Structure formats: C-alpha cells, structure tokens
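Quick notes on the structure that follows.
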Amino acid sequence: MKLTNPSRFGAVLVTLLVSGVALVGCSDDGDGDGTGDTGTGGGSATGGGSATGGGSATGGGSATGGGSATGGGSATGGGSATGGGSATGGGSATGGSPATGDGSEYVNATNAVRAAVEQPAGYAGTWAPLPPVTWSATVAATAQAWAESLRDTKNCGLQHASGTGYGENLAMSSGNLSPTGAVNMWAGEKSKYEYSPTYVFESGTGHYTQLVWRDSVSIGCGSATCAGGATVICCRYDPPGNYKGSPPF
C-alpha cells in the first residue's frame with residue numbers, strides 16, 4: 001500500500017494503491033491549507049480524497065485477483081477494448097484509438113449514486129433530489145486525451161491535470177476496470193462522508209463528493225490500456241465540485 005500527499009501545481013494530491021487498484025483525487029489549494037479553494041482563471045477543484053480498504057465498494061467496485069473490478073462486468077459502454085477494436089461508450093481501444101458512443105455506462109453508474117442521496121440531517125431549506133448528469137462529448141474528449149497521456153507518459157500511473165476548468169476523478173487497475181467498477185469505487189467513500197452545509201475538505205471522501213456535487217451536471221470520461229493490461233480511467237465534471245465553503249447539495 002502506498003499513500004502519498006504531495007502538493008503539485010497548487011493542488012493537494014492523495015493516492016492510495018491497494019491490491020492493484022489506485023484511486024486519486026485532488027482539490028485546488030491556492031493557500032496551502034489542505035482545502036479546495038474557489039478560484040478563477042479556469043483552475044479546477046476536483047475530488048480530493050482516496051478510497052480506503054483498497055477502494056472497494058459494494059455492487060461492483062471491489063478489486064480482486066490483481067485489481068480487476070468484480071461485480072462491475074467487463075469494460076463495455078466505456079471501457080477498453082482488446083485486439084485493436086474501438087471501444088464503445090466513451091472508453092478507448094487498446095493502442096489509444098478514440099472511442100465512440102454516448103458514455104451511457106458512466107452516466108448510468110453516476111446517476112445511480114446521485115439518486116441514492118437523501119436529505120441529510122441538518123439540511124436547511126427545501127430538499128430536492130439531485131439532478132441527473134448528462135454526457136458531454138466536449139468534456140469526454142479532454143478526459144480521453146488525459147487518459148491517453150497517462151498511458152503514454154506514466155504507464156497508467158495517476159496524476160491530475162491542472163488548469164482544465166473541470167473536476168476530475170481518476171482510477172487505475174492492474175487489470176481490467178469497467179466504468180461501473182470505477183464509479184462504484186469512488187462511491188465507496190460514502191461511508192466516510194459526513195455532511196456539512198458548506199464543503200470542507202476531508203481526505204478519503206473527495207471522489208464521492210465530486211460524484212454527488214449538485215451543480216456538476218455534465219460529465220465526460222475516457223480510458224486507456226497500458227502495457228501488461230493495466231487500465232486507467234479519467235472522468236471529468238462540469239462545472240467542477242468540491243469548492244470550499246460552497247454547499248455540496
């Protein structure tokens with residue numbers, strides 16, 4: 001298990017690697033206080049925590065047998081394809097060919113997490129269910145490009161991009177990882193999350209809070225496959241979430 005928390009490009013970066021699966025998130029930290037800052041000029045505020053227990057989640061997020069996602073199915077509707085074929089639903093083909101499709105597996109998995117959010121205790125005002133996310137081809141293109149960059153420059157290692165203007169969640173597996181598996185691993189942080197009327201950075205929950213940030217209603221994701229069969233997934237969110245002092249819901 002490797003846990004690091006370096007500061008890079010003004011961002012707090014948290015990485016957890018267990019059983020072949022890594023998750024990473026960051027939040028813009030202009031003042032060095034370990035929290036995400038509201039910023040201008042396109043700086044993104046992204047999911048700041050890392051998952052515990054290997055990033056496993058119920059319903060498809062657990063990583064077993066060298067990091068392949070179990071319960072989440074094969075990487076269809078956005079995962080990676082083998083044999084050089086193009087992937088569908090927003091993923092990438094082995095070798096990095098751009099994928100086609102509407103990203104429905106990413107969208108459906110994310111919306112299932114958002115639909116499960118109920119009015120928290122102490123919520124002020126009139127509660128309304130979180131709006132569903134929709135797929136953005138524009139956002140997806142940037143996510144796909146970053147996944148391929150991580151493949152080409154990091155061999156599927158995880159590092160956040162800076163200055164994208166989007167929120168960002170990353171996941172890596174030493175084997176196959178489906179869109180549903182990645183989303184459910186990020187959602188597995190829910191058990192550690194404690195609601196606050198205004199966002200406060202908490203290590204280990206930032207992926208989840210980005211998933212359920214009320215105003216982050218457009219998403220785009222991409223994936224790439226590295227030598228040895230590792231998979232890296234990048235999802236981006238527009239507008240970005242995890243802004244310090246802003247209400248998550």
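Starting from 1 in every chain, residues are counted up; chains themselves are A, B, ... following the order of the structure tokens, and ligands are numbered from 1 as listed.
The environment of Thr138 (chain A) within 10 Å, counting only C-alpha atoms and disregarding residues fewer than 4 places along the same chain, consists of A:Thr142, A:Ala143, A:Ser218, A:Ile219, A:Gly220.
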Keeping only N, CA and C atoms, write the selected residues to a file as a PDB file, in the first residue's frame.
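What landed in out.pdb:
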ATOM      1  N   THR A 142     -11.613  15.711 -23.618  1.00  0.00           N
ATOM      2  CA  THR A 142     -10.477  16.113 -22.784  1.00  0.00           C
ATOM      3  C   THR A 142     -10.081  14.993 -21.823  1.00  0.00           C
ATOM      4  N   ALA A 143     -11.079  14.273 -21.300  1.00  0.00           N
ATOM      5  CA  ALA A 143     -10.792  13.165 -20.393  1.00  0.00           C
ATOM      6  C   ALA A 143     -10.067  12.033 -21.118  1.00  0.00           C
ATOM      7  N   SER A 218     -22.682  17.824 -15.925  1.00  0.00           N
ATOM      8  CA  SER A 218     -22.169  17.303 -17.198  1.00  0.00           C
ATOM      9  C   SER A 218     -20.893  16.518 -16.916  1.00  0.00           C
ATOM     10  N   ILE A 219     -20.792  15.337 -17.500  1.00  0.00           N
ATOM     11  CA  ILE A 219     -19.594  14.535 -17.297  1.00  0.00           C
ATOM     12  C   ILE A 219     -19.075  14.023 -18.636  1.00  0.00           C
ATOM     13  N   GLY A 220     -17.811  13.688 -18.638  1.00  0.00           N
ATOM     14  CA  GLY A 220     -17.186  13.033 -19.770  1.00  0.00           C
ATOM     15  C   GLY A 220     -16.029  12.211 -19.262  1.00  0.00           C
TER      16      GLY A 220
END
May I have the residues within 12 Å of Ala128 (chain A) as a tab-separated table (two decimals) with N, CA and C atoms, in the first residue's frame, using only C-alpha atoms and disregarding those fewer than 5 positions away in the same chain?
chain	number	residue	atom	x	y	z
A	114	ARG	N	-26.02	9.30	-7.47
A	114	ARG	CA	-26.69	10.56	-7.14
A	114	ARG	C	-28.13	10.33	-6.69
A	115	ALA	N	-28.80	9.37	-7.30
A	115	ALA	CA	-30.19	9.10	-6.94
A	115	ALA	C	-30.32	8.54	-5.53
A	117	VAL	N	-28.74	9.64	-2.94
A	117	VAL	CA	-28.52	10.68	-1.94
A	117	VAL	C	-29.87	11.15	-1.40
A	118	GLU	N	-30.01	11.10	-0.08
A	118	GLU	CA	-31.23	11.54	0.57
A	118	GLU	C	-30.95	12.80	1.39
A	119	GLN	N	-32.01	13.49	1.76
A	119	GLN	CA	-31.85	14.71	2.53
A	119	GLN	C	-31.09	14.41	3.82
A	120	PRO	N	-29.96	15.07	4.03
A	120	PRO	CA	-29.18	14.81	5.24
A	120	PRO	C	-29.75	15.54	6.44
A	123	TYR	N	-30.13	19.62	7.08
A	123	TYR	CA	-30.21	20.32	5.79
A	123	TYR	C	-31.15	21.51	5.90
A	214	ARG	N	-24.07	18.78	-6.44
A	214	ARG	CA	-25.34	19.07	-7.10
A	214	ARG	C	-25.15	19.76	-8.45
A	249	PHE	N	-24.79	20.03	-1.77
A	249	PHE	CA	-26.11	19.63	-2.29
A	249	PHE	C	-27.00	20.85	-2.53
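CA of Val212 (chain A) to CA of Leu130 (chain A) spans 7.6 Å [interatomic distance, one decimal].
Among the candidate residues A:Val139, A:Trp213, A:Gly175, A:Pro197, the one lying nearest to Asn111 (chain A) is A:Trp213, with distances computed using only C-alpha atoms.
For the residues A:Ala121, A:Arg151, A:Ala182, A:Lys190, ranking by smallest atom-to-atom distance to Glu202 (chain A) using only C-alpha atoms places A:Lys190 first.
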Find the residues near Cys235 (chain A): any atom within 12 Å, counting only C-alpha atoms, skip ones fewer than 4 places away on the same chain, and give them as a ChimeraX atom specification. /A:23-25,46-47,78,90-91,103,106-107,110,135-137,139-147,160-161,166-172,179-180,182-183,186,207,210-211,216,218-223,240
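Computed from the coordinates, the CA of Ala227 (chain A) to CA of Gly157 (chain A) distance equals 11.7 Å.
Between CA of Ser162 (chain A) and CA of Ala112 (chain A) lies a distance of 28.4 Å.
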